[in-house]
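Data block for data_38.cif (mmCIF, C-alpha atoms):
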```
data_protein
loop_
_atom_site.label_atom_id
_atom_site.label_comp_id
_atom_site.auth_asym_id
_atom_site.auth_seq_id
_atom_site.Cartn_x
_atom_site.Cartn_y
_atom_site.Cartn_z
CA MET B 910 243.41 -79.51 -13.51
CA GLY B 911 245.22 -82.83 -13.10
CA ASN B 912 244.12 -85.27 -10.43
CA THR B 913 247.33 -85.22 -8.42
CA ARG B 914 247.54 -81.46 -8.65
CA LYS B 915 243.96 -81.21 -7.34
CA LEU B 916 244.65 -83.67 -4.51
CA VAL B 917 247.72 -81.73 -3.37
CA LEU B 918 245.83 -78.46 -3.60
CA ILE B 919 242.93 -79.81 -1.50
CA GLY B 920 245.39 -81.12 1.10
CA LEU B 921 247.21 -77.77 1.26
CA LEU B 922 243.99 -75.78 1.58
CA VAL B 923 242.62 -78.08 4.31
CA SER B 924 245.79 -77.70 6.37
CA LEU B 925 245.82 -73.93 5.77
CA GLY B 926 242.20 -73.80 6.95
CA LEU B 927 243.06 -75.77 10.11
CA ILE B 928 245.91 -73.39 10.94
CA LEU B 929 243.75 -70.32 10.34
CA HIS B 930 241.06 -71.86 12.55
CA PHE B 931 243.53 -72.21 15.43
CA VAL B 932 245.12 -68.78 14.90
CA GLU B 933 241.63 -67.32 15.03
CA ALA B 934 240.89 -69.07 18.33
CA MET B 935 243.91 -67.27 19.86
CA LEU B 936 242.64 -63.79 18.94
CA PRO B 937 240.29 -62.39 21.59
CA VAL B 938 237.74 -60.88 19.19
CA SER B 939 234.88 -62.48 21.11
CA MET B 940 235.67 -60.10 23.97
CA LEU B 941 234.13 -57.30 21.85
CA VAL B 942 230.92 -59.11 21.00
CA PRO B 943 230.35 -62.50 22.65
CA GLY B 944 230.39 -65.21 20.02
CA ALA B 945 231.89 -63.03 17.27
CA LYS B 946 234.78 -64.36 15.18
CA LEU B 947 237.02 -63.09 12.41
CA GLY B 948 236.05 -65.88 10.03
CA LEU B 949 239.62 -66.35 8.76
CA ALA B 950 238.87 -69.94 7.79
CA ASN B 951 236.41 -68.55 5.27
CA ILE B 952 239.42 -67.33 3.24
CA VAL B 953 240.18 -70.96 2.45
CA ASN B 954 236.59 -71.73 1.46
CA LEU B 955 236.51 -68.77 -0.91
CA ILE B 956 239.90 -69.56 -2.45
CA ALA B 957 238.76 -73.15 -2.98
CA LEU B 958 235.51 -71.97 -4.56
CA VAL B 959 237.43 -69.77 -7.00
CA ILE B 960 240.31 -72.07 -7.99
CA ILE B 961 238.82 -75.59 -7.58
CA GLY B 962 235.07 -75.09 -7.85
CA PHE B 963 231.95 -75.96 -5.87
CA LYS B 964 232.59 -79.67 -5.21
CA GLY B 965 236.23 -79.26 -4.20
CA GLY B 966 235.35 -76.38 -1.90
CA LEU B 967 232.59 -78.39 -0.24
CA LEU B 968 234.99 -81.30 0.32
CA ILE B 969 237.57 -78.93 1.84
CA PHE B 970 234.91 -77.40 4.07
CA PHE B 971 233.76 -80.78 5.45
CA LEU B 972 237.34 -82.03 5.95
CA ARG B 973 238.30 -78.84 7.77
CA VAL B 974 235.24 -78.88 10.07
CA PHE B 975 235.62 -82.56 10.93
CA LEU B 976 239.40 -82.41 11.49
CA SER B 977 239.37 -79.18 13.51
CA SER B 978 236.63 -80.52 15.81
CA LEU B 979 238.53 -83.80 16.23
CA PHE B 980 241.71 -81.88 17.16
CA ALA B 981 239.89 -79.55 19.55
CA GLY B 982 237.89 -82.40 21.09
CA THR B 983 234.53 -80.91 20.20
CA PHE B 984 233.45 -83.54 17.64
CA LEU B 985 229.64 -84.03 17.69
CA SER B 986 229.34 -81.47 20.49
CA ILE B 987 227.10 -78.42 20.20
CA ASN B 988 230.01 -76.22 19.05
CA PHE B 989 230.55 -78.67 16.19
CA TYR B 990 226.92 -78.45 15.03
CA LEU B 991 227.01 -74.65 15.29
CA GLY B 992 230.14 -74.47 13.13
CA LEU B 993 228.78 -77.00 10.64
CA GLY B 994 225.39 -75.27 10.32
CA GLY B 995 226.83 -71.79 10.00
CA GLY B 996 229.62 -72.79 7.65
CA LEU B 997 227.38 -74.84 5.37
CA THR B 998 224.78 -72.04 5.07
CA ALA B 999 227.57 -69.57 4.32
CA TYR B 1000 229.27 -71.81 1.76
CA LEU B 1001 226.08 -72.68 -0.14
CA LEU B 1002 225.02 -69.02 -0.34
CA MET B 1003 228.50 -67.88 -1.36
CA SER B 1004 228.58 -70.49 -4.15
CA ALA B 1005 225.13 -69.45 -5.37
CA VAL B 1006 226.11 -65.77 -5.47
CA TYR B 1007 229.52 -66.52 -6.98
CA TYR B 1008 228.13 -68.67 -9.80
CA PHE B 1009 224.84 -66.93 -10.61
CA MET B 1010 225.61 -63.28 -9.87
CA LYS B 1011 229.30 -63.20 -10.73
CA GLU B 1012 229.12 -60.00 -12.78
CA LYS B 1013 227.16 -58.17 -10.06
CA PHE B 1014 229.11 -58.95 -6.89
CA SER B 1015 232.89 -58.92 -6.43
CA LEU B 1016 234.62 -61.40 -4.13
CA ILE B 1017 234.16 -58.84 -1.35
CA GLY B 1018 230.38 -58.92 -1.75
CA VAL B 1019 230.42 -62.74 -1.85
CA SER B 1020 232.51 -62.82 1.33
CA VAL B 1021 230.22 -60.37 3.18
CA ILE B 1022 227.21 -62.52 2.26
CA GLY B 1023 229.07 -65.56 3.58
CA ALA B 1024 229.97 -63.83 6.85
CA VAL B 1025 226.43 -62.61 7.52
CA PHE B 1026 224.76 -65.91 6.63
CA HIS B 1027 227.30 -67.80 8.75
CA ASN B 1028 225.86 -65.95 11.75
CA LEU B 1029 222.28 -66.53 10.61
CA GLY B 1030 222.85 -70.27 10.09
CA GLN B 1031 224.59 -70.56 13.44
CA LEU B 1032 221.77 -68.81 15.29
CA LEU B 1033 219.18 -71.00 13.53
CA ILE B 1034 220.98 -74.13 14.80
CA ALA B 1035 221.25 -72.53 18.25
CA TYR B 1036 217.52 -71.78 18.13
CA LEU B 1037 216.78 -75.45 17.32
CA ILE B 1038 218.83 -76.45 20.38
CA ILE B 1039 217.66 -73.90 22.90
CA SER B 1040 214.22 -73.09 21.37
CA ASN B 1041 214.22 -69.56 22.70
CA PRO B 1042 213.55 -66.91 20.04
CA GLY B 1043 215.33 -64.32 22.21
CA ILE B 1044 218.60 -65.64 20.78
CA PHE B 1045 218.02 -63.55 17.65
CA TYR B 1046 218.60 -60.53 19.83
CA TYR B 1047 222.32 -61.19 19.17
CA LEU B 1048 222.02 -61.23 15.38
CA PRO B 1049 222.43 -57.47 14.65
CA TYR B 1050 225.53 -57.29 16.89
CA LEU B 1051 227.06 -60.29 15.12
CA THR B 1052 226.24 -58.99 11.63
CA LEU B 1053 227.69 -55.58 12.49
CA VAL B 1054 231.02 -57.30 13.22
CA ALA B 1055 230.58 -59.64 10.23
CA ILE B 1056 230.49 -56.77 7.69
CA PRO B 1057 234.06 -55.43 8.25
CA THR B 1058 235.50 -58.93 8.77
CA GLY B 1059 233.70 -60.07 5.59
CA ILE B 1060 235.21 -57.18 3.62
CA ALA B 1061 238.68 -58.04 4.97
CA VAL B 1062 238.30 -61.72 4.08
CA GLY B 1063 237.09 -60.76 0.61
CA LEU B 1064 240.09 -58.49 0.02
CA ILE B 1065 242.53 -61.16 1.23
CA THR B 1066 240.94 -63.72 -1.10
CA TYR B 1067 241.00 -61.26 -4.00
CA PHE B 1068 244.75 -60.64 -3.64
CA THR B 1069 245.58 -64.30 -2.92
CA THR B 1070 243.70 -65.71 -5.90
CA GLY B 1071 245.44 -63.11 -8.06
CA HIS B 1072 248.78 -64.68 -7.15
CA LEU B 1073 247.41 -68.22 -7.52
CA SER B 1074 246.42 -67.73 -11.16
CA VAL B 1075 248.84 -70.56 -12.05
CA PHE B 1076 246.17 -72.95 -10.72
CA THR B 1077 243.24 -71.39 -12.52
CA SER B 1078 245.08 -71.19 -15.85
CA GLY B 1079 245.81 -74.93 -15.68
CA GLY B 1080 249.62 -74.73 -15.55
CA ASN B 1081 251.26 -77.79 -17.08
CA GLU B 1082 249.18 -80.95 -17.05
CA ASP B 1083 252.05 -83.38 -16.35
CA GLY B 1084 250.74 -84.19 -12.86
CA MET Y 963 247.55 -49.43 -2.81
CA LYS Y 964 244.30 -48.48 -4.42
CA ASN Y 965 241.32 -47.08 -2.57
CA LEU Y 966 239.09 -49.75 -0.97
CA TRP Y 967 236.08 -48.37 -2.86
CA SER Y 968 237.66 -49.18 -6.21
CA TYR Y 969 237.44 -52.90 -5.42
CA LEU Y 970 233.71 -52.78 -4.75
CA THR Y 971 231.08 -53.07 -7.45
CA GLY Y 972 227.86 -51.04 -7.27
CA TYR Y 973 225.93 -54.08 -5.99
CA ASP Y 974 228.58 -54.64 -3.29
CA LYS Y 975 228.06 -51.12 -2.01
CA ILE Y 976 224.26 -51.52 -2.00
CA LEU Y 977 224.56 -54.88 -0.19
CA ILE Y 978 226.95 -53.52 2.46
CA SER Y 979 224.86 -50.39 3.06
CA ILE Y 980 221.63 -52.40 3.45
CA LEU Y 981 223.28 -54.86 5.86
CA LEU Y 982 224.81 -52.02 7.90
CA LEU Y 983 221.47 -50.23 8.10
CA LEU Y 984 219.62 -53.43 9.14
CA SER Y 985 222.23 -54.23 11.83
CA ILE Y 986 222.09 -50.73 13.31
CA LEU Y 987 218.28 -50.76 13.24
CA GLY Y 988 218.29 -54.20 14.87
CA ILE Y 989 220.53 -52.95 17.67
CA PHE Y 990 218.61 -49.76 18.41
CA LEU Y 991 215.01 -50.90 17.85
CA PRO Y 992 214.76 -52.93 21.10
CA PHE Y 993 215.53 -49.72 23.02
CA PHE Y 994 212.43 -48.06 21.55
CA ASN Y 995 210.26 -51.03 22.36
CA PRO Y 996 206.76 -49.84 23.31
CA PHE Y 997 206.42 -52.27 26.21
CA ARG Y 998 209.52 -50.84 27.87
CA ALA Y 999 207.46 -47.84 28.94
CA ARG Y 1000 205.28 -50.15 31.02
CA VAL Y 1001 208.23 -51.22 33.13
CA ALA Y 1002 207.90 -48.15 35.29
CA GLU Y 1003 204.31 -48.54 36.43
CA GLY Y 1004 202.30 -51.50 37.66
CA THR Y 1005 205.05 -53.95 36.82
CA GLU Y 1006 207.71 -55.78 38.68
CA ARG Y 1007 210.93 -57.00 37.12
CA VAL Y 1008 211.67 -60.69 37.34
CA ILE Y 1009 214.78 -62.69 36.47
CA ILE Y 1010 213.84 -65.71 34.41
CA ILE Y 1011 216.17 -68.70 34.11
CA GLN Y 1012 215.16 -71.20 31.47
CA LYS Y 1013 216.64 -74.64 30.96
CA GLY Y 1014 216.05 -76.05 27.48
CA ASP Y 1015 212.47 -75.07 26.77
CA GLU Y 1016 210.73 -76.33 29.87
CA GLU Y 1017 211.94 -75.68 33.41
CA GLU Y 1018 211.84 -72.10 34.59
CA ILE Y 1019 213.15 -70.44 37.71
CA ARG Y 1020 211.75 -66.99 38.51
CA ILE Y 1021 213.37 -64.59 40.96
CA ALA Y 1022 211.97 -61.13 41.72
CA LEU Y 1023 214.65 -58.56 40.92
CA GLU Y 1024 213.76 -56.77 44.17
CA SER Y 1025 215.00 -59.69 46.22
CA THR Y 1026 218.53 -59.41 44.82
CA TYR Y 1027 219.27 -56.15 46.64
CA GLY Y 1028 221.32 -56.64 49.77
CA THR Y 1029 224.82 -57.21 51.01
CA GLU Y 1030 225.29 -60.73 49.69
CA PRO Y 1031 224.90 -61.76 46.04
CA LEU Y 1032 222.36 -64.46 45.33
CA TYR Y 1033 223.71 -67.61 43.66
CA VAL Y 1034 221.63 -70.11 41.73
CA GLU Y 1035 223.10 -73.36 40.47
CA VAL Y 1036 221.47 -74.79 37.38
CA GLU Y 1037 222.15 -78.32 36.19
CA GLY Y 1038 222.40 -78.55 32.36
CA PRO Y 1039 223.31 -81.33 29.91
CA ILE Y 1040 227.09 -80.69 30.24
CA GLY Y 1041 227.37 -79.59 33.87
CA THR Y 1042 226.48 -76.95 36.41
CA SER Y 1043 226.24 -73.26 35.57
CA ILE Y 1044 226.38 -70.78 38.44
CA ILE Y 1045 224.16 -67.73 38.03
CA GLU Y 1046 224.80 -64.68 40.19
CA ALA Y 1047 222.17 -62.01 40.91
CA TYR Y 1048 223.16 -58.91 42.84
CA ASN Y 1049 221.67 -55.43 43.27
CA GLY Y 1050 219.35 -55.61 40.30
CA SER Y 1051 221.70 -57.23 37.79
CA VAL Y 1052 222.24 -60.80 36.79
CA ARG Y 1053 225.08 -62.70 35.09
CA ILE Y 1054 226.34 -66.21 34.56
CA LYS Y 1055 229.27 -66.38 36.93
CA GLU Y 1056 230.61 -69.76 35.99
CA ALA Y 1057 230.06 -72.09 33.05
CA PRO Y 1058 230.95 -75.80 33.23
CA PRO Y 1059 234.53 -76.64 32.13
CA ALA Y 1060 233.18 -78.58 29.13
CA ASP Y 1061 232.03 -75.25 27.64
CA LEU Y 1062 235.30 -74.17 26.07
CA GLU Y 1063 234.26 -70.79 24.72
CA LYS Y 1064 232.29 -69.60 27.77
CA THR Y 1065 230.39 -67.08 25.66
CA CYS Y 1066 227.69 -66.68 28.33
CA VAL Y 1067 230.25 -65.67 31.00
CA LYS Y 1068 231.77 -63.11 28.62
CA THR Y 1069 228.33 -61.58 28.04
CA GLY Y 1070 228.62 -60.12 31.54
CA TRP Y 1071 225.92 -58.42 33.57
CA VAL Y 1072 222.38 -57.74 32.39
CA GLN Y 1073 220.32 -55.23 34.32
CA ASP Y 1074 217.36 -54.38 32.15
CA VAL Y 1075 214.62 -55.82 30.00
CA GLY Y 1076 215.94 -56.63 26.52
CA PRO Y 1077 219.34 -58.31 26.53
CA MET Y 1078 219.57 -62.02 27.13
CA ILE Y 1079 222.37 -64.27 28.36
CA ILE Y 1080 222.47 -67.56 26.54
CA CYS Y 1081 224.63 -70.58 27.21
CA ILE Y 1082 224.08 -72.73 24.13
CA PRO Y 1083 226.23 -75.73 25.18
CA ASN Y 1084 224.46 -75.99 28.53
CA GLN Y 1085 221.06 -74.94 27.09
CA ILE Y 1086 220.45 -72.24 29.68
CA SER Y 1087 219.05 -68.79 29.00
CA VAL Y 1088 218.72 -65.96 31.51
CA TRP Y 1089 216.87 -62.68 31.03
CA ILE Y 1090 214.88 -60.02 32.84
CA GLU Y 1091 211.18 -59.58 32.15
CA ALA Y 1092 208.61 -57.04 33.28
CA GLU Y 1093 205.56 -58.63 34.89
CA GLU Y 1094 202.19 -57.24 35.84
CA THR Y 1095 201.87 -57.07 39.60
CA GLY Y 1096 198.13 -56.51 39.60
CA LEU Y 1097 198.57 -52.94 40.85
CA ASP Y 1098 197.70 -50.29 38.26
CA GLY Y 1099 200.60 -48.12 39.26
CA VAL Y 1100 201.34 -46.80 42.66
CA SER Y 1101 200.66 -43.18 43.47
CA TRP Y 1102 202.72 -41.17 45.84
#
```
Encoded form (structure tokens):
Amino acid sequence: MGNTRKLVLIGLLVSLGLILHFVEAMLPVSMLVPGAKLGLANIVNLIALVIIGFKGGLLIFFLRVFLSSLFAGTFLSINFYLGLGGGLTAYLLMSAVYYFMKEKFSLIGVSVIGAVFHNLGQLLIAYLIISNPGIFYYLPYLTLVAIPTGIAVGLITYFTTGHLSVFTSGGNEDG
Amino acid sequence: MKNLWSYLTGYDKILISILLLLSILGIFLPFFNPFRARVAEGTERVIIIQKGDEEEIRIALESTYGTEPLYVEVEGPIGTSIIEAYNGSVRIKEAPPADLEKTCVKTGWVQDVGPMIICIPNQISVWIEAEETGLDGVSW
């Protein structure tokens, strides 16, 4: 993939991730289970992992987390650390599963692992802050929501990357 | 549109089933907790409010029955949280404005041993605990 092409793609995916992050904040899913989220921004991380690779995806993840917290005014607040911890755990595990167990798990499996470990990572950070083990009481409720949302995110990524095959096949290298 | 199952590999199905089973077990196990049985006899239920990991406020659940709800204001790192206790249940009534998501307020009322209300931004946790009163059960 050419350098310019990659740069444009990273920029597009970061802005798509920011929009999805804000759309998600408007949907009242957390009324069902306090703290639960759809994880729409994970679509962008998975797409990046598939069409750019590990490094590009990690860059997109950090850019998205930093920019969205700057826009929302939560930079370096507790919400920021929770998102960073959860997202990083999820991304690292998704990459590991995607690269080392590619023939075993489909994108749906990878996405479900990401969704569940996002909750685990987030609760671990929350435990470091509040040092009360009772916080893990929430984990099964969060993972129960994470399974269907993870499947949905996986399906969306599967269909999207199918249409984006022009990027994975290299396209023309003029850029 | 193909069936959803056709997109899943065998390992996907195993993974999803195991996670579903673990989540459901994790939700229902606390309700079969052996120490719950002790709540009935020789114990008194107490609301515990913890700030960070040190300061604790304890309120006997008995004292919350009445005509007026009991309000406790707790000072945290980002502001004041207002905790309301009334007729044997407790909730966080108000979180400071700096807590944008207000997850602890959305958690709602807690009236038994087990669930816990946690306000991560303000580092406050509230739960109900059963405590020995020293009486080995009261006969009637």
Exercise. Determine, counting only C-alpha atoms, which protein, DNA and RNA residues have an atom within 12 Å of an atom of Thr1065 of chain Y; residues of the same chain fewer than 2 positions away are not included. Present the result as a PyMOL selection string.
Key: (chain B and resi 937-946+988+1047) or (chain Y and resi 1053-1058+1061-1063+1067-1070+1079-1084+1086-1087)
Would you pick out the contacts of segment 1031-1037 of chain Y at 8 Å or less, using only C-alpha atoms, so that residues sharing its chain but fewer than 5 positions from it are not included, and give the list as a compact mmCIF listing (two decimals) with C-alpha atoms, in the coordinates of the input?
```
# COMPACT_ATOMS: atom_id res chain seq x y z
CA THR Y 1026 218.53 -59.41 44.82
CA THR Y 1042 226.48 -76.95 36.41
CA SER Y 1043 226.24 -73.26 35.57
CA ILE Y 1044 226.38 -70.78 38.44
CA ILE Y 1045 224.16 -67.73 38.03
CA GLU Y 1046 224.80 -64.68 40.19
CA ALA Y 1047 222.17 -62.01 40.91
CA TYR Y 1048 223.16 -58.91 42.84
CA ASN Y 1049 221.67 -55.43 43.27
```
Practice problem: Kindly determine which residues of chain B lie within 7 Å of chain Y, considering only C-alpha atoms, and give the answer as a list in words. | Solution: Met940, Pro943, Gly944, Ile987, Lys1013, Phe1014, Ser1015, Ile1017, Gly1018, Ala1035, Ile1039, Ser1040, Gly1043, Pro1049, Tyr1050, Thr1052 and Leu1053 of chain B
Quiz prompt | Explicit residues for the PyMOL selection byres ((chain B and resi 1030) around 12) (as an MDAnalysis selection string) | solution = chainID B and resid 990:1002 1022:1029 1031:1037 1045 1048 1051:1052
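Picture a line from atom CA of Ile980 of chain Y to atom CA of Ile952 of chain B; it runs 23.2 Å.
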